[in-house]
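See structure below.
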Amino acid sequence: MRALLKSAAAALTGLALAGAAAASDWTPPGPIKLMIAFAAGGGADTQARLIAEDLEAKLGWSFIPEQVTGKGGMNLAMAIKDMPNDGSVIGMVVTETLGYNMAAAEAGVTPADYTPIVTTAGFQMGVVAQSAKGWTSFADVVAAAKDGAELRFGTMSPKLTDLAYLLGKAQGVEFNIVQVRGGRAVMNGVNAGDMDLGFMAGIQTKGVAAGELVNLASALSVPLNQTPEAPTLADLGVDFNADGYFLFIGPAGMPEDARDALAAAIAEAVSTEGMKSNGVIAKAFGGPAVIMGDELSALVAGDYEAAGALLQAASE
Amino acid sequence: MGVLDYIWLGILAVFQGPEIFSVAGFGISVTLVMILSGFLMGILVGATPGLAGPMAMAISLPILISIFGFTPDALLPVMGFLIGVMKGATVGGAVPAILFNTPGTPDAYMTTLDGHPMAKAGQARKALKIAHVSSASGDTFSDVVLILCAPFLAVLVEAYLDLPEKTALLILSLAFIASVIGGSVGKGLISMGLGLFVAYVGTGEDFYPRLSLGTQTLAQGFPVATAILGVLILGEVFKALEDLWWDRRAARPPAELVQSGDQRLHWADIRRIAPYIGRSAVIGTAIGALPGIGSTLAATLGYASGARVHARTRPGERPFGQGAPEGIAATEAANSSVSGANLIPVLSLGIPGNAAAVFLILAAESIGGFNPGPSVFKFTADAVNPELVVAFGLFTAMMLANLLNWTIGGVFMRVAGVMIRIPKHILLPVVLLLTLTAIYVQEARMSAMWFAVGFGVLGYGMRRLGISPLPFVIAFILGGKLEDTARQAFAATGGDVWFLFTSPVAAVFIALAVAVVVLSLRRPLEAKA
């Protein structure tokens with residue numbers, strides 16, 4: 001519920017700021033190049049493209065979407081770094097890109113090389129298994145592992161792999177951690193029986209509602225909207241979490257009026273009912289979660305610093 | 001609700017869907033119109049050198065969704081259209097392969113081996129008809145198997161294939177293709193090795209892009225379209241342009257392919273190719289049912305097994321690779337019979353096996369109301385399971401598309417033979433332009449053009465050196481999957497380095513992979529002795 005209130009509040013801020021943006025007279029100097037760090041056709045890609053469509057319809061701006069995928073968003077980050085910073089080039093990544101991934105990649109860049117613009121939606125990241133396994137709580141998983149079952153834990157990014165390792169460590173068991181590409185691959189693996197449990201970032205919603213999948217734990221700092229009784233990672237003895245958002249960024253030094261106008265326009269699109277992007281976000285990502293301005297800058301900086309601690313903890 | 005009720009509801013869903021217009025008081029459902037238009041578009045796209053079905057599906061999907069919206073009513077029209085494209089392109093794909101030696105997809109490559117020699121020998125129309133009959137038969141057979149077996153088969157396959165077995169199966173596929181295609185095991189392995197090498201540029205799980213020479217251009221790896229279309233089509237275009245140039249220099253008129261002789265397909269012909277169609281249809285269907293392997297392997301296996309039987313049983317006749325009608329039949333039946341069976345893992349597990357299946361899953365997900373997966377085939381007795389109705393609606397759409405395939409497809413193939421009269425100096429630049437456009441539509445960056453031309457030069461060189469480009473293409477497609485499953489199998493077995501040998505099924509696959517290479521190496525020696 002807290003998360004819901006938080007996102008609702010954020011959405012309202014977005015709306016308020018959007019009004020302000022309409023008054024501001026910044027317009028893009030030309031077509032905006034929209035780099036997308038997600039595979040074409042997936043939920044995240046659809047979200048990015050629909051946001052562009054909404055803004056084209058509403059404000060008359062024009063967008064040129066382009067896929068720059070791979071390396072957990074780092075390919076996009078490296079590509080956008082030296083692009084013009086006048087608001088004519090933006091990219092959609094996840095907060096993890098500027099956090100854990102950037103810290104782990106050691107590619108010579110930091111979040112200071114980018115302008116964070118706005119977040120659009122969060123992840124409902126859960127630890128999920130097939131209901132057919134018969135597990136109803138995470139304690140059942142631990143009990144099965146202690147009975148000698150070799151359990152395969154599916155993850156979709158190096159950060160989540162570290163979290164799965166720490167989760168096992170905190171509970172005194174060892175998982176065979178299988179890292180795959182994307183949440184859909186984790187869900188396919190769990191459904192096909194190649195994995196026993198895994199992280200899913202909202203894609204499990206339909207399966208859980210249908211009773212085929214079960215949320216055993218929340219990988220967030222707060223409980224999951226769908227299964228509030230499932231314990232969080234903190235409850236299970238892990239000091240880190242998988243809180244994360246879809247994030248629009250630009251190159252460093254973007255003028256404030258450009259950044260704020262872009263942020264407000266995107267925030268309004270994803271928060272307004274009836275907009276196409278709002279529809280897909282409500283359906284696939286549990287509703288909009290808009291963070292911008294100083295709060296966003298602090299969030300991004302904090303994620304990057306916390307990444308070092310997680311890397312350290314996972315290598316112990 | 002019994003099984004028959006569900007089948008009936010599915011058929012009704014197609015025929016009694018929202019009406020688009022009415023003829024003499026009978027409403028024509030929009031789904032029917034969409035299947036037909038998809039089919040027509042697919043067959044045209046398939047028959048155009050440089051274009052292929054999956055690309056047409058990729059471009060039309062967003063347009064369709066914005067027309068039909070996100071309601072459950074949109075499911076059957078949109079997916080019917082995509083199924084139409086898929087089926088049409090499967091039949092049409094043989095046209096450029098036979099007439100111009102430029103396959104639009106890797107799975108049509110084997111069709112060029114016998115189809116183009118037949119066209120050059122003046123039998124283009126007959127070759128097209130054989131391709132049509134084989135393709136439509138394989139497709140229909142596969143759909144029947146899908147409809148009968150979908151609920152059980154995929155679950156059964158998944159139960160036996162764990163990650164190590166999947167890795168071993170991929171290694172077996174690569175070993176088989178490298179050693180069987182193109183006559184020389186050495187050349188096949190070189191071609192495959194190059195494909196794997198190119199597939200591993202820029203990919204991988206580390207944050208640092210490997211083999212990128214520090215440039216941002218290579219950090220994302222080579223896009224699939226540039227490598228495949230470059231090697232298969234641009235390579236052929238470059239080679240054909242050079243041939244044309246030599247002909248001009250020698251002041252010879254460019255060879256015009258004179259069409260002559262009996263172009264009709266007789267019952268005797270059909271009886272002759274029927275065993276090849278049957279064998280390939282079974283092979284293609286079996287491969288299609290395996291999650292994530294795809295139609296190129298099926299075409300290759302169908303062709304290779306057909307070639308062996310042909311050499312053994314009919315030694316006096318024209319061998320495969322020199323214009324044998326049986327060669328076209330074996331390939332086309334195999335690659336077409338994948339498409340139906342491929343939907344078995346798609347519908348019951350949600351795992352795609354080829355590019356066309358990926359777009360069907362995308363359509364289902366974008367629209368909503370239908371989630372390919374284990375829940376689809378629950379025959380609920382008390383309440384209607386709407387997903388099952390959609391599944392039977394899709395089956396109906398597939399059978400309708402098959403009907404179109406047999407009727408309109410046949411007419412089209414007869415007419416398409418005319419295209420061979422297009423002079424090469426006009427055709428080749430058009431193919432070049434279409435191919436580059438197709439690549440740019442999928443990869444909107446200039447570097448993709450350079451990659452494509454580079455791969456074209458590679459394909460040209462391979463053709464000049466007698467190296468088959470097919471192992472390259474298949475290795476490129478499967479390379480990423482091989483690395484992923486191998487990494488996952490290693491992790492899933494708790495870091496066991498012997499994961500390929502600990503399970504009996506995987507060990508058998510690996511032993512077969514070694515055997516197929518060794519045996520292929522030995523065969524030429526025996527022939528010499």
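Residue numbering restarts at 1 in every chain; chains get A, B, ... in the order shown in the structure tokens, and ligands count up from 1 in that same order.
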| All strand (DSSP E) residues (DSSP, backbone) inside stretch 35-145 of chain A, as a ChimeraX atom specification | /A:35-36,63-67,89-94,114-122,125-130
| task | Extract, using only C-alpha atoms, all DNA, RNA and protein residues at most 10 Å from A:Asn101, discarding same-chain residues fewer than 2 positions from it, and format them as a ChimeraX atom specification. | result | /A:71-74,94-99,103-107,157-159,304,307 /B:206-207
Those selected residues, please, written with N, CA and C atoms and delivered as an mmCIF file, in the first residue's frame.
data_model
loop_
_atom_site.group_PDB
_atom_site.id
_atom_site.type_symbol
_atom_site.label_atom_id
_atom_site.label_comp_id
_atom_site.auth_asym_id
_atom_site.auth_seq_id
_atom_site.Cartn_x
_atom_site.Cartn_y
_atom_site.Cartn_z
ATOM 1 N N LYS A 71 24.548 -5.092 -22.380
ATOM 2 C CA LYS A 71 25.394 -4.745 -21.228
ATOM 3 C C LYS A 71 24.617 -3.981 -20.160
ATOM 4 N N GLY A 72 23.395 -4.408 -19.898
ATOM 5 C CA GLY A 72 22.613 -3.791 -18.830
ATOM 6 C C GLY A 72 22.486 -2.281 -18.966
ATOM 7 N N GLY A 73 22.391 -1.791 -20.207
ATOM 8 C CA GLY A 73 22.238 -0.364 -20.432
ATOM 9 C C GLY A 73 23.560 0.361 -20.617
ATOM 10 N N MET A 74 24.676 -0.327 -20.360
ATOM 11 C CA MET A 74 25.968 0.353 -20.461
ATOM 12 C C MET A 74 26.307 0.735 -21.899
ATOM 13 N N VAL A 94 17.474 1.717 -16.979
ATOM 14 C CA VAL A 94 16.930 1.521 -15.635
ATOM 15 C C VAL A 94 17.892 2.169 -14.642
ATOM 16 N N THR A 95 17.423 2.438 -13.436
ATOM 17 C CA THR A 95 18.311 3.085 -12.462
ATOM 18 C C THR A 95 19.534 2.217 -12.188
ATOM 19 N N GLU A 96 19.365 0.899 -12.321
ATOM 20 C CA GLU A 96 20.491 -0.022 -12.113
ATOM 21 C C GLU A 96 21.657 0.273 -13.062
ATOM 22 N N THR A 97 21.357 0.808 -14.257
ATOM 23 C CA THR A 97 22.426 1.117 -15.215
ATOM 24 C C THR A 97 23.404 2.124 -14.630
ATOM 25 N N LEU A 98 22.856 3.222 -14.079
ATOM 26 C CA LEU A 98 23.726 4.264 -13.519
ATOM 27 C C LEU A 98 24.214 3.867 -12.130
ATOM 28 N N GLY A 99 23.669 2.783 -11.567
ATOM 29 C CA GLY A 99 24.074 2.356 -10.228
ATOM 30 C C GLY A 99 25.055 1.211 -10.309
ATOM 31 N N ALA A 103 29.011 0.990 -11.761
ATOM 32 C CA ALA A 103 30.080 0.770 -10.790
ATOM 33 C C ALA A 103 30.848 -0.509 -11.132
ATOM 34 N N ALA A 104 30.129 -1.550 -11.547
ATOM 35 C CA ALA A 104 30.791 -2.825 -11.825
ATOM 36 C C ALA A 104 31.546 -2.798 -13.149
ATOM 37 N N ALA A 105 31.062 -1.997 -14.115
ATOM 38 C CA ALA A 105 31.670 -2.015 -15.450
ATOM 39 C C ALA A 105 33.048 -1.366 -15.444
ATOM 40 N N GLU A 106 33.274 -0.397 -14.557
ATOM 41 C CA GLU A 106 34.542 0.348 -14.511
ATOM 42 C C GLU A 106 34.933 0.813 -15.900
ATOM 43 N N ALA A 107 33.983 1.450 -16.590
ATOM 44 C CA ALA A 107 34.215 1.869 -17.966
ATOM 45 C C ALA A 107 34.669 3.325 -18.040
ATOM 46 N N SER A 157 20.254 -10.156 -14.059
ATOM 47 C CA SER A 157 21.308 -9.143 -14.119
ATOM 48 C C SER A 157 22.343 -9.491 -13.061
ATOM 49 N N PRO A 158 23.556 -8.997 -13.229
ATOM 50 C CA PRO A 158 24.602 -9.301 -12.248
ATOM 51 C C PRO A 158 24.228 -8.841 -10.837
ATOM 52 N N LYS A 159 23.519 -7.712 -10.747
ATOM 53 C CA LYS A 159 23.132 -7.230 -9.420
ATOM 54 C C LYS A 159 22.205 -8.237 -8.746
ATOM 55 N N TYR A 304 24.529 4.578 -6.896
ATOM 56 C CA TYR A 304 25.896 4.340 -7.352
ATOM 57 C C TYR A 304 26.794 4.050 -6.157
ATOM 58 N N ALA A 307 26.176 0.633 -4.634
ATOM 59 C CA ALA A 307 26.638 -0.479 -5.470
ATOM 60 C C ALA A 307 27.967 -1.028 -4.975
ATOM 61 N N ASP B 206 29.568 -10.019 -19.652
ATOM 62 C CA ASP B 206 30.338 -9.007 -18.943
ATOM 63 C C ASP B 206 29.876 -7.619 -19.341
ATOM 64 N N PHE B 207 30.130 -6.655 -18.453
ATOM 65 C CA PHE B 207 29.769 -5.287 -18.807
ATOM 66 C C PHE B 207 30.706 -4.738 -19.872
#
| said: So that I can check the secondary structure, give me every residue of stretch 179-291 of chain A assigned helix (DSSP H, G or I) by backbone DSSP, as a PyMOL selection string. | reply: chain A and resi 182-192+205-209+256-271+276-284
| Long-range neighbours of A:Thr69 as a PyMOL selection string, 7 Å cut-off, only C-alpha atoms, 3 positions minimum in chain | (chain A and resi 36-39+73+75-76) or (chain B and resi 220)
Dump of N, CA and C atoms for the selected residues, as an mmCIF file, in the first residue's frame:
data_model
loop_
_atom_site.group_PDB
_atom_site.id
_atom_site.type_symbol
_atom_site.label_atom_id
_atom_site.label_comp_id
_atom_site.auth_asym_id
_atom_site.auth_seq_id
_atom_site.Cartn_x
_atom_site.Cartn_y
_atom_site.Cartn_z
ATOM 1 N N ILE A 36 16.880 3.490 -26.815
ATOM 2 C CA ILE A 36 16.169 2.553 -25.952
ATOM 3 C C ILE A 36 17.100 1.390 -25.634
ATOM 4 N N ALA A 37 17.303 1.127 -24.350
ATOM 5 C CA ALA A 37 18.285 0.103 -23.953
ATOM 6 C C ALA A 37 17.657 -1.285 -23.880
ATOM 7 N N PHE A 38 16.431 -1.429 -24.371
ATOM 8 C CA PHE A 38 15.725 -2.704 -24.215
ATOM 9 C C PHE A 38 15.429 -3.303 -25.585
ATOM 10 N N ALA A 39 15.345 -4.630 -25.629
ATOM 11 C CA ALA A 39 15.126 -5.318 -26.899
ATOM 12 C C ALA A 39 13.812 -4.867 -27.525
ATOM 13 N N GLY A 73 22.391 -1.791 -20.207
ATOM 14 C CA GLY A 73 22.238 -0.364 -20.432
ATOM 15 C C GLY A 73 23.560 0.361 -20.617
ATOM 16 N N ASN A 75 25.854 -0.061 -22.869
ATOM 17 C CA ASN A 75 26.090 0.320 -24.263
ATOM 18 C C ASN A 75 25.431 1.653 -24.563
ATOM 19 N N LEU A 76 24.210 1.827 -24.057
ATOM 20 C CA LEU A 76 23.512 3.085 -24.269
ATOM 21 C C LEU A 76 24.242 4.208 -23.545
ATOM 22 N N GLN B 220 27.897 -3.251 -29.682
ATOM 23 C CA GLN B 220 26.593 -3.918 -29.658
ATOM 24 C C GLN B 220 26.591 -5.201 -30.465
#
| task | Extract, using only C-alpha atoms, all DNA, RNA and protein residues at most 6 Å from stretch 463-476 of chain B, discarding same-chain residues fewer than 5 positions from it, and format them as a list in words. | result |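 Near stretch 463-476 of chain B, the qualifying residues are Ala178, Gly182, Lys187, Ser191, Met192, Gly195, Leu196, Ala199 and Ile228 of chain B.
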| request: Compile the contact shell of B:Ile28 as a list in words: residues with an atom at most 9 Å away, counting only C-alpha atoms, same-chain residues fewer than 3 positions apart removed. | output: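 After dropping sequence-adjacent residues, the list is Phe15, Gln16, Gly17, Pro18, Glu19, Ile20, Phe21, Ser22, Val23, Thr31, Leu32 and Val33 of chain B.
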Select from chain B every residue with an atom at most 7 Å from any atom of chain A, then for each give the shortest pair of atoms and their distance in Å to one decimal, using only C-alpha atoms, rows by chain and rising number, as CSV.
residue,atom,partner,partner_atom,distance
B:Glu158,CA,A:Ala192,CA,6.5
B:Asp162,CA,A:Asp194,CA,6.2
B:Leu163,CA,A:Asp194,CA,6.7
B:Glu205,CA,A:Lys71,CA,6.9
B:Asp206,CA,A:Lys71,CA,6.9
B:Phe207,CA,A:Lys71,CA,5.0
B:Tyr208,CA,A:Ala105,CA,6.3
B:Gln216,CA,A:Ala79,CA,6.8
B:Ala219,CA,A:Asn75,CA,6.9
B:Gln220,CA,A:Gly70,CA,6.5
B:Leu349,CA,A:Ala192,CA,6.7
B:Gly350,CA,A:Asn188,CA,7.0
B:Ile351,CA,A:Asn188,CA,6.8
B:Leu362,CA,A:Gly41,CA,6.7
B:Ala444,CA,A:Glu66,CA,6.9
B:Gln488,CA,A:Val178,CA,5.3
B:Ala491,CA,A:Val178,CA,5.4
B:Ala492,CA,A:Asn176,CA,5.2
B:Thr493,CA,A:Asn176,CA,6.9
B:Gly494,CA,A:Asn176,CA,5.2
| message | Applying 9 Å and only C-alpha atoms, which residues near stretch 224-240 of chain A remain after dropping the ones on its own chain fewer than 6 positions away? List them as a count of residues only. | response | 26
| request: Figure out the distance between atom CA of B:Phe379 and atom CA of B:Ala363, please, to one decimal in Å. | output: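 Answer for the atom CA of B:Ala363 to atom CA of B:Phe379 separation: 23.6 Å.
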| Looking at only C-alpha atoms, which of B:Asn101, B:Ser37, B:Ser66, B:Ser179 is the one that sits closest to B:Leu404? |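 Closest candidate: B:Ser37.
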